$ cat structure22.pdb   # PDB, C-alpha atoms
MODEL        1
ATOM      1  CA  MET A  25     -73.651  -8.712   1.480
ATOM      2  CA  ALA A  26     -75.184  -8.674  -2.010
ATOM      3  CA  VAL A  27     -77.144  -6.121  -4.024
ATOM      4  CA  PHE A  28     -78.723  -6.827  -7.400
ATOM      5  CA  PHE A  29     -81.442  -5.145  -9.462
ATOM      6  CA  TYR A  30     -83.272  -5.379 -12.759
ATOM      7  CA  THR A  31     -85.585  -3.188 -14.806
ATOM      8  CA  ASP A  32     -87.629  -4.113 -17.870
ATOM      9  CA  ARG A  33     -89.547  -1.849 -20.231
ATOM     10  CA  GLY A  34     -93.305  -2.402 -20.306
ATOM     11  CA  ASN A  35     -94.320   0.834 -22.054
ATOM     12  CA  ASN A  36     -93.022   2.648 -25.128
ATOM     13  CA  GLN A  37     -90.193   3.977 -22.937
ATOM     14  CA  ASN A  38     -88.851   2.641 -19.656
ATOM     15  CA  GLU A  39     -89.794   5.375 -17.199
ATOM     16  CA  ASP A  40     -88.411   3.543 -14.140
ATOM     17  CA  PHE A  41     -84.970   4.205 -12.690
ATOM     18  CA  VAL A  42     -83.302   1.762 -10.300
ATOM     19  CA  TYR A  43     -79.946   1.828  -8.530
ATOM     20  CA  GLY A  44     -78.482   0.128  -5.477
ATOM     21  CA  ASN A  45     -75.303  -0.565  -3.534
ATOM     22  CA  ASP A  46     -74.387  -1.723  -0.012
ATOM     23  CA  THR A  47     -75.289   1.580   1.649
ATOM     24  CA  PHE A  48     -78.267   2.903  -0.319
ATOM     25  CA  GLY A  49     -80.615   2.049  -3.132
ATOM     26  CA  PHE A  50     -83.819   3.351  -4.660
ATOM     27  CA  ILE A  51     -86.469   3.000  -7.335
ATOM     28  CA  LEU A  52     -88.137   5.894  -9.130
ATOM     29  CA  ASP A  53     -91.269   5.053 -11.129
ATOM     30  CA  GLY A  54     -91.951   7.970 -13.451
ATOM     31  CA  ALA A  55     -95.325   9.233 -14.667
ATOM     32  CA  SER A  56     -95.956  11.891 -17.282
ATOM     33  CA  GLY A  57     -98.394  14.685 -16.518
ATOM     34  CA  LEU A  58    -101.916  14.842 -17.860
ATOM     35  CA  GLY A  59    -101.505  15.599 -21.542
ATOM     36  CA  LYS A  60     -98.783  15.263 -24.160
ATOM     37  CA  ASN A  61     -95.021  15.411 -23.639
ATOM     38  CA  TYR A  62     -93.568  18.895 -23.207
ATOM     39  CA  LEU A  63     -89.867  18.239 -22.543
ATOM     40  CA  VAL A  64     -87.209  17.218 -25.042
ATOM     41  CA  GLY A  65     -86.748  13.460 -24.710
ATOM     42  CA  ASN A  66     -88.495  10.125 -25.164
ATOM     43  CA  SER A  67     -91.144  10.988 -22.553
ATOM     44  CA  ASP A  68     -91.489  13.556 -19.772
ATOM     45  CA  ALA A  69     -91.643  10.792 -17.185
ATOM     46  CA  GLN A  70     -88.405   9.231 -18.405
ATOM     47  CA  VAL A  71     -86.655  12.607 -18.560
ATOM     48  CA  PHE A  72     -87.709  13.341 -14.970
ATOM     49  CA  SER A  73     -87.019   9.965 -13.356
ATOM     50  CA  HIS A  74     -83.654   9.496 -15.075
ATOM     51  CA  PHE A  75     -82.499  13.048 -14.305
ATOM     52  CA  ILE A  76     -83.479  12.735 -10.637
ATOM     53  CA  GLY A  77     -82.027   9.233 -10.390
ATOM     54  CA  SER A  78     -78.667  10.325 -11.799
ATOM     55  CA  GLN A  79     -78.544  13.188  -9.302
ATOM     56  CA  LEU A  80     -79.458  10.974  -6.345
ATOM     57  CA  ILE A  81     -76.662   8.488  -7.029
ATOM     58  CA  THR A  82     -74.221  11.271  -6.126
ATOM     59  CA  LEU A  83     -76.284  13.068  -3.483
ATOM     60  CA  LEU A  84     -77.244  10.025  -1.412
ATOM     61  CA  ALA A  85     -73.611   8.886  -1.316
ATOM     62  CA  ASN A  86     -72.983  11.811   1.051
ATOM     63  CA  GLU A  87     -73.910  10.221   4.367
ATOM     64  CA  LYS A  88     -74.106  13.629   6.032
ATOM     65  CA  MET A  89     -76.894  14.783   3.712
ATOM     66  CA  ALA A  90     -80.450  14.004   4.831
ATOM     67  CA  THR A  91     -82.561  12.108   2.311
ATOM     68  CA  ASN A  92     -85.170  14.857   2.038
ATOM     69  CA  ARG A  93     -82.423  17.408   1.409
ATOM     70  CA  ALA A  94     -80.960  15.212  -1.344
ATOM     71  CA  LEU A  95     -84.391  15.014  -2.971
ATOM     72  CA  MET A  96     -84.812  18.777  -2.669
ATOM     73  CA  GLN A  97     -81.478  19.451  -4.347
ATOM     74  CA  ALA A  98     -82.257  17.007  -7.165
ATOM     75  CA  VAL A  99     -85.688  18.457  -7.981
ATOM     76  CA  THR A 100     -84.359  22.014  -7.672
ATOM     77  CA  LYS A 101     -81.712  21.265 -10.318
ATOM     78  CA  PHE A 102     -84.388  19.748 -12.537
ATOM     79  CA  ALA A 103     -86.680  22.769 -12.079
ATOM     80  CA  GLN A 104     -83.807  25.119 -12.912
ATOM     81  CA  LYS A 105     -82.822  23.199 -16.045
ATOM     82  CA  TYR A 106     -86.411  23.070 -17.354
ATOM     83  CA  ARG A 107     -87.568  26.401 -15.928
ATOM     84  CA  LYS A 108     -88.990  27.715 -19.219
ATOM     85  CA  GLU A 109     -90.852  24.523 -20.090
ATOM     86  CA  LEU A 110     -92.326  24.044 -16.605
ATOM     87  CA  GLY A 111     -93.270  27.708 -16.376
ATOM     88  CA  ARG A 112     -95.661  27.294 -19.298
ATOM     89  CA  LEU A 113     -97.474  24.407 -17.604
ATOM     90  CA  THR A 114     -99.854  23.987 -14.696
ATOM     91  CA  PRO A 115     -98.572  21.523 -12.040
ATOM     92  CA  ASP A 116    -100.939  18.750 -13.146
ATOM     93  CA  LEU A 117     -99.017  18.678 -16.447
ATOM     94  CA  TRP A 118     -95.635  18.242 -14.746
ATOM     95  CA  PRO A 119     -93.989  14.810 -14.698
ATOM     96  CA  SER A 120     -93.711  13.012 -11.368
ATOM     97  CA  ALA A 121     -92.297   9.824  -9.877
ATOM     98  CA  THR A 122     -92.638   7.511  -6.925
ATOM     99  CA  PHE A 123     -89.551   7.264  -4.723
ATOM    100  CA  SER A 124     -88.720   4.266  -2.520
ATOM    101  CA  CYS A 125     -85.325   4.013  -0.853
ATOM    102  CA  TYR A 126     -83.213   2.190   1.708
ATOM    103  CA  ARG A 127     -80.232   3.946   3.242
ATOM    104  CA  LYS A 128     -77.752   2.753   5.847
ATOM    105  CA  ILE A 129     -77.291   5.460   8.505
ATOM    106  CA  GLY A 130     -74.940   4.443  11.308
ATOM    107  CA  ASP A 131     -76.359   1.336  12.981
ATOM    108  CA  GLU A 132     -79.827   1.835  11.457
ATOM    109  CA  MET A 133     -81.466   1.281   8.089
ATOM    110  CA  GLU A 134     -83.596   4.219   7.007
ATOM    111  CA  PHE A 135     -86.543   3.624   4.668
ATOM    112  CA  SER A 136     -88.088   6.536   2.749
ATOM    113  CA  TRP A 137     -91.014   6.529   0.369
ATOM    114  CA  LEU A 138     -93.350   8.678  -1.714
ATOM    115  CA  GLY A 139     -95.989   6.860  -3.721
ATOM    116  CA  ASP A 140     -96.803   3.221  -4.353
ATOM    117  CA  SER A 141     -93.524   1.414  -5.065
ATOM    118  CA  PRO A 142     -93.508  -1.106  -2.199
ATOM    119  CA  ILE A 143     -90.534  -1.630   0.104
ATOM    120  CA  THR A 144     -90.565  -5.071   1.723
ATOM    121  CA  ALA A 145     -88.150  -5.435   4.627
ATOM    122  CA  PHE A 146     -87.408  -8.926   5.935
ATOM    123  CA  LEU A 147     -86.353  -8.803   9.564
ATOM    124  CA  SER A 148     -85.045 -11.618  11.743
ATOM    125  CA  GLN A 149     -88.508 -12.162  13.289
ATOM    126  CA  GLN A 150     -90.974 -10.421  10.972
ATOM    127  CA  MET A 151     -91.678  -8.732   7.642
ATOM    128  CA  ARG A 152     -92.563  -5.061   7.154
ATOM    129  CA  THR A 153     -93.978  -3.394   4.031
ATOM    130  CA  PHE A 154     -93.792   0.348   3.405
ATOM    131  CA  TYR A 155     -95.572   2.312   0.669
ATOM    132  CA  ASP A 156     -98.402   4.793   0.183
ATOM    133  CA  ARG A 157    -101.598   2.902  -0.617
ATOM    134  CA  THR A 158    -103.585   6.047  -1.515
ATOM    135  CA  VAL A 159    -103.209   5.846  -5.305
ATOM    136  CA  PRO A 160    -104.021   2.124  -5.707
ATOM    137  CA  GLN A 161    -106.955   2.474  -3.320
ATOM    138  CA  ASN A 162    -108.308   5.496  -5.209
ATOM    139  CA  ASP A 163    -107.864   3.736  -8.540
ATOM    140  CA  GLN A 164    -109.483   0.473  -7.470
ATOM    141  CA  ARG A 165    -113.053   1.697  -8.003
ATOM    142  CA  ILE A 166    -112.141   2.922 -11.507
ATOM    143  CA  ILE A 167    -110.326  -0.298 -12.388
ATOM    144  CA  THR A 168    -113.406  -2.253 -11.294
ATOM    145  CA  ALA A 169    -115.684  -0.118 -13.498
ATOM    146  CA  PHE A 170    -113.248  -0.454 -16.412
ATOM    147  CA  HIS A 171    -113.111  -4.236 -16.004
ATOM    148  CA  GLN A 172    -116.903  -4.523 -15.866
ATOM    149  CA  LEU A 173    -117.159  -2.687 -19.189
ATOM    150  CA  LEU A 174    -114.687  -5.113 -20.757
ATOM    151  CA  LYS A 175    -116.660  -8.052 -19.395
ATOM    152  CA  LYS A 176    -119.769  -6.630 -21.078
ATOM    153  CA  GLY A 177    -117.980  -6.662 -24.428
ATOM    154  CA  GLU A 178    -116.677  -3.108 -24.755
ATOM    155  CA  VAL A 179    -113.398  -2.761 -26.601
ATOM    156  CA  ILE A 180    -110.445  -1.553 -24.520
ATOM    157  CA  ASP A 181    -110.237   1.943 -26.038
ATOM    158  CA  VAL A 182    -113.940   2.623 -25.494
ATOM    159  CA  ALA A 183    -113.791   1.364 -21.910
ATOM    160  CA  LYS A 184    -110.752   3.551 -21.213
ATOM    161  CA  GLU A 185    -112.547   6.610 -22.549
ATOM    162  CA  ALA A 186    -115.520   5.873 -20.305
ATOM    163  CA  VAL A 187    -113.409   6.026 -17.116
ATOM    164  CA  LYS A 188    -110.944   8.682 -18.305
ATOM    165  CA  GLU A 189    -112.633  11.583 -16.519
ATOM    166  CA  ASP A 190    -112.561   9.825 -13.141
ATOM    167  CA  LEU A 191    -108.938   8.828 -13.650
ATOM    168  CA  ILE A 192    -107.985  12.432 -14.434
ATOM    169  CA  LYS A 193    -109.714  13.591 -11.247
ATOM    170  CA  ASN A 194    -107.611  11.144  -9.262
ATOM    171  CA  ARG A 195    -104.383  12.372 -10.881
ATOM    172  CA  GLN A 196    -105.333  15.995 -10.198
ATOM    173  CA  MET A 197    -105.124  15.154  -6.482
ATOM    174  CA  LYS A 198    -101.329  14.965  -6.846
ATOM    175  CA  ASN A 199     -99.627  16.946  -4.067
ATOM    176  CA  THR A 200    -102.871  18.542  -2.892
ATOM    177  CA  PRO A 201    -103.892  18.756   0.813
ATOM    178  CA  ASN A 202    -106.511  16.019   0.486
ATOM    179  CA  GLY A 203    -104.683  14.045  -2.174
ATOM    180  CA  TYR A 204    -101.547  11.958  -2.415
ATOM    181  CA  ALA A 205     -97.893  12.963  -2.093
ATOM    182  CA  ILE A 206     -95.482  12.266  -4.941
ATOM    183  CA  LEU A 207     -92.113  13.483  -6.187
ATOM    184  CA  ASP A 208     -92.384  16.231  -8.807
ATOM    185  CA  PRO A 209     -90.447  19.422  -9.694
ATOM    186  CA  SER A 210     -91.823  21.205  -6.614
ATOM    187  CA  PRO A 211     -90.945  20.780  -2.898
ATOM    188  CA  ILE A 212     -94.559  19.951  -1.981
ATOM    189  CA  GLY A 213     -94.353  16.167  -2.109
ATOM    190  CA  ILE A 214     -90.950  16.055  -0.394
ATOM    191  CA  ALA A 215     -92.453  17.819   2.622
ATOM    192  CA  ARG A 216     -94.684  14.739   3.056
ATOM    193  CA  LEU A 217     -91.918  12.140   2.662
ATOM    194  CA  SER A 218     -92.620   9.066   4.796
ATOM    195  CA  GLN A 219     -89.707   7.529   6.693
ATOM    196  CA  LYS A 220     -89.002   4.688   9.082
ATOM    197  CA  LYS A 221     -85.763   3.599  10.755
ATOM    198  CA  LEU A 222     -85.038   0.060  11.936
ATOM    199  CA  PRO A 223     -81.978  -1.430  13.641
ATOM    200  CA  LEU A 224     -79.547  -2.601  10.969
ATOM    201  CA  VAL A 225     -78.784  -5.768  12.893
ATOM    202  CA  GLN A 226     -82.402  -6.904  12.445
ATOM    203  CA  ILE A 227     -82.463  -6.525   8.645
ATOM    204  CA  GLU A 228     -81.964  -9.723   6.656
ATOM    205  CA  LYS A 229     -83.185  -8.629   3.215
ATOM    206  CA  ILE A 230     -84.829  -5.655   1.490
ATOM    207  CA  VAL A 231     -86.869  -5.882  -1.718
ATOM    208  CA  ILE A 232     -88.098  -2.739  -3.479
ATOM    209  CA  THR A 233     -90.341  -3.038  -6.526
ATOM    210  CA  SER A 234     -92.143  -0.710  -8.872
ATOM    211  CA  ASP A 235     -95.889  -1.273  -9.038
ATOM    212  CA  GLY A 236     -95.366  -2.875 -12.458
ATOM    213  CA  PHE A 237     -93.338  -5.699 -10.889
ATOM    214  CA  TYR A 238     -95.569  -5.847  -7.801
ATOM    215  CA  ARG A 239     -98.404  -6.928 -10.121
ATOM    216  CA  LEU A 240     -97.174 -10.442  -9.418
ATOM    217  CA  VAL A 241     -98.476  -9.908  -5.872
ATOM    218  CA  ASP A 242    -101.522  -7.666  -6.093
ATOM    219  CA  THR A 243    -102.880  -8.387  -9.594
ATOM    220  CA  PHE A 244    -101.799 -11.830 -10.806
ATOM    221  CA  ASN A 245    -101.621 -13.387  -7.322
ATOM    222  CA  GLU A 246     -98.540 -15.364  -8.339
ATOM    223  CA  CYS A 247     -96.769 -14.782  -5.045
ATOM    224  CA  THR A 248     -97.253 -13.283  -1.616
ATOM    225  CA  PRO A 249     -95.222 -10.344  -0.278
ATOM    226  CA  HIS A 250     -93.342 -12.842   1.896
ATOM    227  CA  GLN A 251     -92.309 -14.865  -1.167
ATOM    228  CA  LEU A 252     -90.492 -11.822  -2.565
ATOM    229  CA  GLY A 253     -87.817 -12.769  -0.059
ATOM    230  CA  GLN A 254     -86.959 -15.855  -2.133
ATOM    231  CA  PHE A 255     -84.977 -13.893  -4.732
ATOM    232  CA  LYS A 256     -81.337 -14.939  -4.377
ATOM    233  CA  ASP A 257     -79.593 -13.578  -7.494
ATOM    234  CA  TYR A 258     -79.961 -11.502 -10.642
ATOM    235  CA  SER A 259     -80.999 -14.430 -12.822
ATOM    236  CA  MET A 260     -84.050 -15.052 -10.625
ATOM    237  CA  LEU A 261     -85.159 -11.447 -11.167
ATOM    238  CA  VAL A 262     -84.894 -11.837 -14.940
ATOM    239  CA  SER A 263     -86.741 -15.149 -15.073
ATOM    240  CA  THR A 264     -89.496 -13.866 -12.765
ATOM    241  CA  CYS A 265     -89.983 -10.778 -14.918
ATOM    242  CA  ASP A 266     -90.122 -12.994 -18.010
ATOM    243  CA  HIS A 267     -92.867 -14.985 -16.295
ATOM    244  CA  LEU A 268     -94.736 -11.736 -15.544
ATOM    245  CA  ARG A 269     -94.573 -10.747 -19.217
ATOM    246  CA  GLN A 270     -95.952 -14.149 -20.216
ATOM    247  CA  LEU A 271     -98.906 -13.718 -17.836
ATOM    248  CA  GLU A 272     -99.585 -10.261 -19.283
ATOM    249  CA  ARG A 273     -99.502 -11.559 -22.870
ATOM    250  CA  GLU A 274    -101.871 -14.408 -22.025
ATOM    251  CA  ASP A 275    -104.382 -11.853 -20.735
ATOM    252  CA  ALA A 276    -103.829  -9.248 -23.443
ATOM    253  CA  GLN A 277    -107.535  -8.331 -23.464
ATOM    254  CA  LEU A 278    -107.424  -7.552 -19.714
ATOM    255  CA  LEU A 279    -110.401  -9.800 -19.018
ATOM    256  CA  THR A 280    -108.990 -12.086 -16.323
ATOM    257  CA  TYR A 281    -106.734  -9.794 -14.305
ATOM    258  CA  PRO A 282    -108.176  -6.270 -13.876
ATOM    259  CA  ARG A 283    -105.723  -3.497 -14.807
ATOM    260  CA  PHE A 284    -105.613  -0.428 -17.069
ATOM    261  CA  LYS A 285    -102.966  -1.639 -19.519
ATOM    262  CA  GLN A 286    -101.458  -4.919 -20.619
ATOM    263  CA  SER A 287     -97.977  -4.267 -19.284
ATOM    264  CA  ASP A 288     -96.051  -1.701 -17.266
ATOM    265  CA  ASP A 289     -92.392  -1.020 -16.619
ATOM    266  CA  ALA A 290     -91.211  -3.549 -14.030
ATOM    267  CA  SER A 291     -88.278  -2.954 -11.697
ATOM    268  CA  ILE A 292     -86.919  -4.734  -8.642
ATOM    269  CA  LEU A 293     -84.015  -4.042  -6.281
ATOM    270  CA  VAL A 294     -82.729  -6.537  -3.711
ATOM    271  CA  TRP A 295     -80.360  -5.913  -0.784
ATOM    272  CA  GLN A 296     -79.448  -8.944   1.267
ATOM    273  CA  LYS A 297     -77.103  -9.499   4.181
TER
ENDMDL
END
$ encode --input "structure22.pdb" --output "structure tokens"
Amino acid sequence: MAVFFYTDRGNNQNEDFVYGNDTFGFILDGASGLGKNYLVGNSDAQVFSHFIGSQLITLLANEKMATNRALMQAVTKFAQKYRKELGRLTPDLWPSATFSCYRKIGDEMEFSWLGDSPITAFLSQQMRTFYDRTVPQNDQRIITAFHQLLKKGEVIDVAKEAVKEDLIKNRQMKNTPNGYAILDPSPIGIARLSQKKLPLVQIEKIVITSDGFYRLVDTFNECTPHQLGQFKDYSMLVSTCDHLRQLEREDAQLLTYPRFKQSDDASILVWQK
């Protein structure tokens, strides 16, 4: 049994949080609300993801506590601590985070997810991938429009401004009936937590990535989801992330590989039998 993980800053602050051991592990990929930062810290997203992550390390260690209950307790503590600050804001200004987790429960492995940080489970006879594709699918049309503007010669800042309104509309669908579910300081997203249990004996390896690391699959086409199973130790995670950063630098003008920003926080967690 081996567990190893790595996270690398791709923004001004690293807003990812990653942790893993033999019995459970998770990635939180934080996002600030629409607008400026309102909480005391480097960024609202980092404050939220790191607070929740620190809470979950203790809460998920209690095998008798359900995963959704652990999430509820963590966000409740956050909401209590920042009650005054959050009370001045509308929910679209609150920070949020994806949540993707494996957890050993008896003779099963439980997978839980909110948002688009992919879980790739390698079984003895097949591979399964779990994540919510709503956000990337909703954003794809906007990314395409943004990329077309760049191809026509618009500078990045002007192109971003041109698609900003549509991007805001997408983000305002957070935890709405017809929108996408995500972890934030309310219980709304947790009520829509997706879960799947598989027999532990079938699991050979689990790889969880933030969308920033998964760019190697869905943006740069450097590997397939199946090839994520090739990671054997920590050093391979570091060297692969270094390669990702090199690809991002080589396409700093965003002309070859469509995306909103040059780089993003990149995190990966590997559990292997």
$ residues_around --input "structure22.pdb" --residues "stretch 213-222 of chain A" --least-positions-apart "3" --cutoff "9 Å" --atoms "all atoms listed in the file" --output "list in words"
Asn92, Arg93, Leu95, Met96, Ile129, Asp131, Glu132, Met133, Glu134, Phe135, Ser136, Trp137, Leu138, Phe154, Tyr155, Asp156, Lys198, Asn199, Thr200, Tyr204, Ala205, Ile206, Leu207, Asp208, Ser210, Val225, Gln226 and Ile227 of chain A
$ closest_residue --input "structure22.pdb" --among "A:Gln254, A:Ser78, A:Asn35, A:Thr243" --to "A:Ala290" --atoms "only C-alpha atoms"
A:Asn35
$ atom_distance --input "structure22.pdb" --atom1 "atom CA of A:His171" --atom2 "atom CA of A:Asn245"
17.1 Å
$ closest_atom_pairs --input "structure22.pdb" --of "stretch 159-238 of chain A" --to "stretch 262-277 of chain A" --cutoff "9 Å" --atoms "all atoms listed in the file" --output "Markdown table"
| residue | atom | partner | partner_atom | distance |
| --- | --- | --- | --- | --- |
| A:Leu174 | CA | A:Gln277 | CA | 8.3 |
| A:Val179 | CA | A:Gln277 | CA | 8.7 |
| A:Ile180 | CA | A:Gln277 | CA | 7.5 |
| A:Phe237 | CA | A:Cys265 | CA | 7.3 |
$ resolve_selection --input "structure22.pdb" --expression "the PyMOL selection byres ((chain A and resi 297) around 7)" --output "number ranges by chain"
A: 25-26, 228-229, 295-296
$ closest_residue --input "structure22.pdb" --among "A:Leu293, A:Ile51, A:Val231, A:Leu261" --to "A:Phe146" --atoms "all atoms listed in the file"
A:Val231
$ resolve_selection --input "structure22.pdb" --expression "the PyMOL selection byres ((chain A and resi 282) around 10)" --output "PyMOL selection string"
chain A and resi 164+167-172+174+243-244+275+277-281+283-286
$ write_last_selection --input "structure22.pdb" --atoms "C-alpha atoms" --output "mmCIF file, keeping the file's coordinate frame"
data_model
loop_
_atom_site.group_PDB
_atom_site.id
_atom_site.type_symbol
_atom_site.label_atom_id
_atom_site.label_comp_id
_atom_site.auth_asym_id
_atom_site.auth_seq_id
_atom_site.Cartn_x
_atom_site.Cartn_y
_atom_site.Cartn_z
ATOM 1 C CA GLN A 164 -109.483 0.473 -7.470
ATOM 2 C CA ILE A 167 -110.326 -0.298 -12.388
ATOM 3 C CA THR A 168 -113.406 -2.253 -11.294
ATOM 4 C CA ALA A 169 -115.684 -0.118 -13.498
ATOM 5 C CA PHE A 170 -113.248 -0.454 -16.412
ATOM 6 C CA HIS A 171 -113.111 -4.236 -16.004
ATOM 7 C CA GLN A 172 -116.903 -4.523 -15.866
ATOM 8 C CA LEU A 174 -114.687 -5.113 -20.757
ATOM 9 C CA THR A 243 -102.880 -8.387 -9.594
ATOM 10 C CA PHE A 244 -101.799 -11.830 -10.806
ATOM 11 C CA ASP A 275 -104.382 -11.853 -20.735
ATOM 12 C CA GLN A 277 -107.535 -8.331 -23.464
ATOM 13 C CA LEU A 278 -107.424 -7.552 -19.714
ATOM 14 C CA LEU A 279 -110.401 -9.800 -19.018
ATOM 15 C CA THR A 280 -108.990 -12.086 -16.323
ATOM 16 C CA TYR A 281 -106.734 -9.794 -14.305
ATOM 17 C CA ARG A 283 -105.723 -3.497 -14.807
ATOM 18 C CA PHE A 284 -105.613 -0.428 -17.069
ATOM 19 C CA LYS A 285 -102.966 -1.639 -19.519
ATOM 20 C CA GLN A 286 -101.458 -4.919 -20.619
#
$ closest_residue --input "structure22.pdb" --among "A:Ala69, A:Ile143, A:Cys247, A:Ala94" --to "A:Ile81" --atoms "all atoms listed in the file"
A:Ala94
$ decode --input "structure22.pdb" --residues "stretch 256-271 of chain A" --atoms "N, CA and C atoms" --output "PDB file, in the first residue's frame"
ATOM      1  N   LYS A 256       3.963   6.086 -10.271  1.00  0.00           N
ATOM      2  CA  LYS A 256       4.412   5.071  -9.326  1.00  0.00           C
ATOM      3  C   LYS A 256       5.001   5.651  -8.047  1.00  0.00           C
ATOM      4  N   ASP A 257       5.404   6.938  -8.064  1.00  0.00           N
ATOM      5  CA  ASP A 257       5.991   7.524  -6.857  1.00  0.00           C
ATOM      6  C   ASP A 257       5.895   9.047  -6.922  1.00  0.00           C
ATOM      7  N   TYR A 258       6.277   9.669  -5.839  1.00  0.00           N
ATOM      8  CA  TYR A 258       6.183  11.127  -5.701  1.00  0.00           C
ATOM      9  C   TYR A 258       6.987  11.860  -6.775  1.00  0.00           C
ATOM     10  N   SER A 259       8.171  11.355  -7.072  1.00  0.00           N
ATOM     11  CA  SER A 259       9.033  12.046  -8.032  1.00  0.00           C
ATOM     12  C   SER A 259       8.386  12.131  -9.412  1.00  0.00           C
ATOM     13  N   MET A 260       7.596  11.130  -9.777  1.00  0.00           N
ATOM     14  CA  MET A 260       6.903  11.167 -11.068  1.00  0.00           C
ATOM     15  C   MET A 260       5.846  12.262 -11.089  1.00  0.00           C
ATOM     16  N   LEU A 261       5.208  12.511  -9.948  1.00  0.00           N
ATOM     17  CA  LEU A 261       4.218  13.590  -9.870  1.00  0.00           C
ATOM     18  C   LEU A 261       4.897  14.941 -10.086  1.00  0.00           C
ATOM     19  N   VAL A 262       6.039  15.122  -9.441  1.00  0.00           N
ATOM     20  CA  VAL A 262       6.762  16.397  -9.551  1.00  0.00           C
ATOM     21  C   VAL A 262       7.232  16.630 -10.985  1.00  0.00           C
ATOM     22  N   SER A 263       7.838  15.627 -11.580  1.00  0.00           N
ATOM     23  CA  SER A 263       8.364  15.794 -12.938  1.00  0.00           C
ATOM     24  C   SER A 263       7.238  16.009 -13.949  1.00  0.00           C
ATOM     25  N   THR A 264       6.100  15.347 -13.745  1.00  0.00           N
ATOM     26  CA  THR A 264       4.965  15.529 -14.654  1.00  0.00           C
ATOM     27  C   THR A 264       4.390  16.936 -14.523  1.00  0.00           C
ATOM     28  N   CYS A 265       4.322  17.437 -13.297  1.00  0.00           N
ATOM     29  CA  CYS A 265       3.829  18.802 -13.103  1.00  0.00           C
ATOM     30  C   CYS A 265       4.804  19.819 -13.702  1.00  0.00           C
ATOM     31  N   ASP A 266       6.093  19.553 -13.578  1.00  0.00           N
ATOM     32  CA  ASP A 266       7.089  20.424 -14.215  1.00  0.00           C
ATOM     33  C   ASP A 266       6.884  20.450 -15.728  1.00  0.00           C
ATOM     34  N   HIS A 267       6.589  19.309 -16.302  1.00  0.00           N
ATOM     35  CA  HIS A 267       6.324  19.231 -17.741  1.00  0.00           C
ATOM     36  C   HIS A 267       5.076  20.033 -18.104  1.00  0.00           C
ATOM     37  N   LEU A 268       4.038  19.949 -17.265  1.00  0.00           N
ATOM     38  CA  LEU A 268       2.821  20.739 -17.478  1.00  0.00           C
ATOM     39  C   LEU A 268       3.146  22.230 -17.487  1.00  0.00           C
ATOM     40  N   ARG A 269       3.949  22.671 -16.526  1.00  0.00           N
ATOM     41  CA  ARG A 269       4.300  24.098 -16.464  1.00  0.00           C
ATOM     42  C   ARG A 269       5.079  24.535 -17.697  1.00  0.00           C
ATOM     43  N   GLN A 270       5.920  23.659 -18.229  1.00  0.00           N
ATOM     44  CA  GLN A 270       6.661  23.982 -19.445  1.00  0.00           C
ATOM     45  C   GLN A 270       5.711  24.143 -20.628  1.00  0.00           C
ATOM     46  N   LEU A 271       4.724  23.264 -20.746  1.00  0.00           N
ATOM     47  CA  LEU A 271       3.732  23.369 -21.817  1.00  0.00           C
ATOM     48  C   LEU A 271       2.954  24.678 -21.699  1.00  0.00           C
TER      49      LEU A 271
END
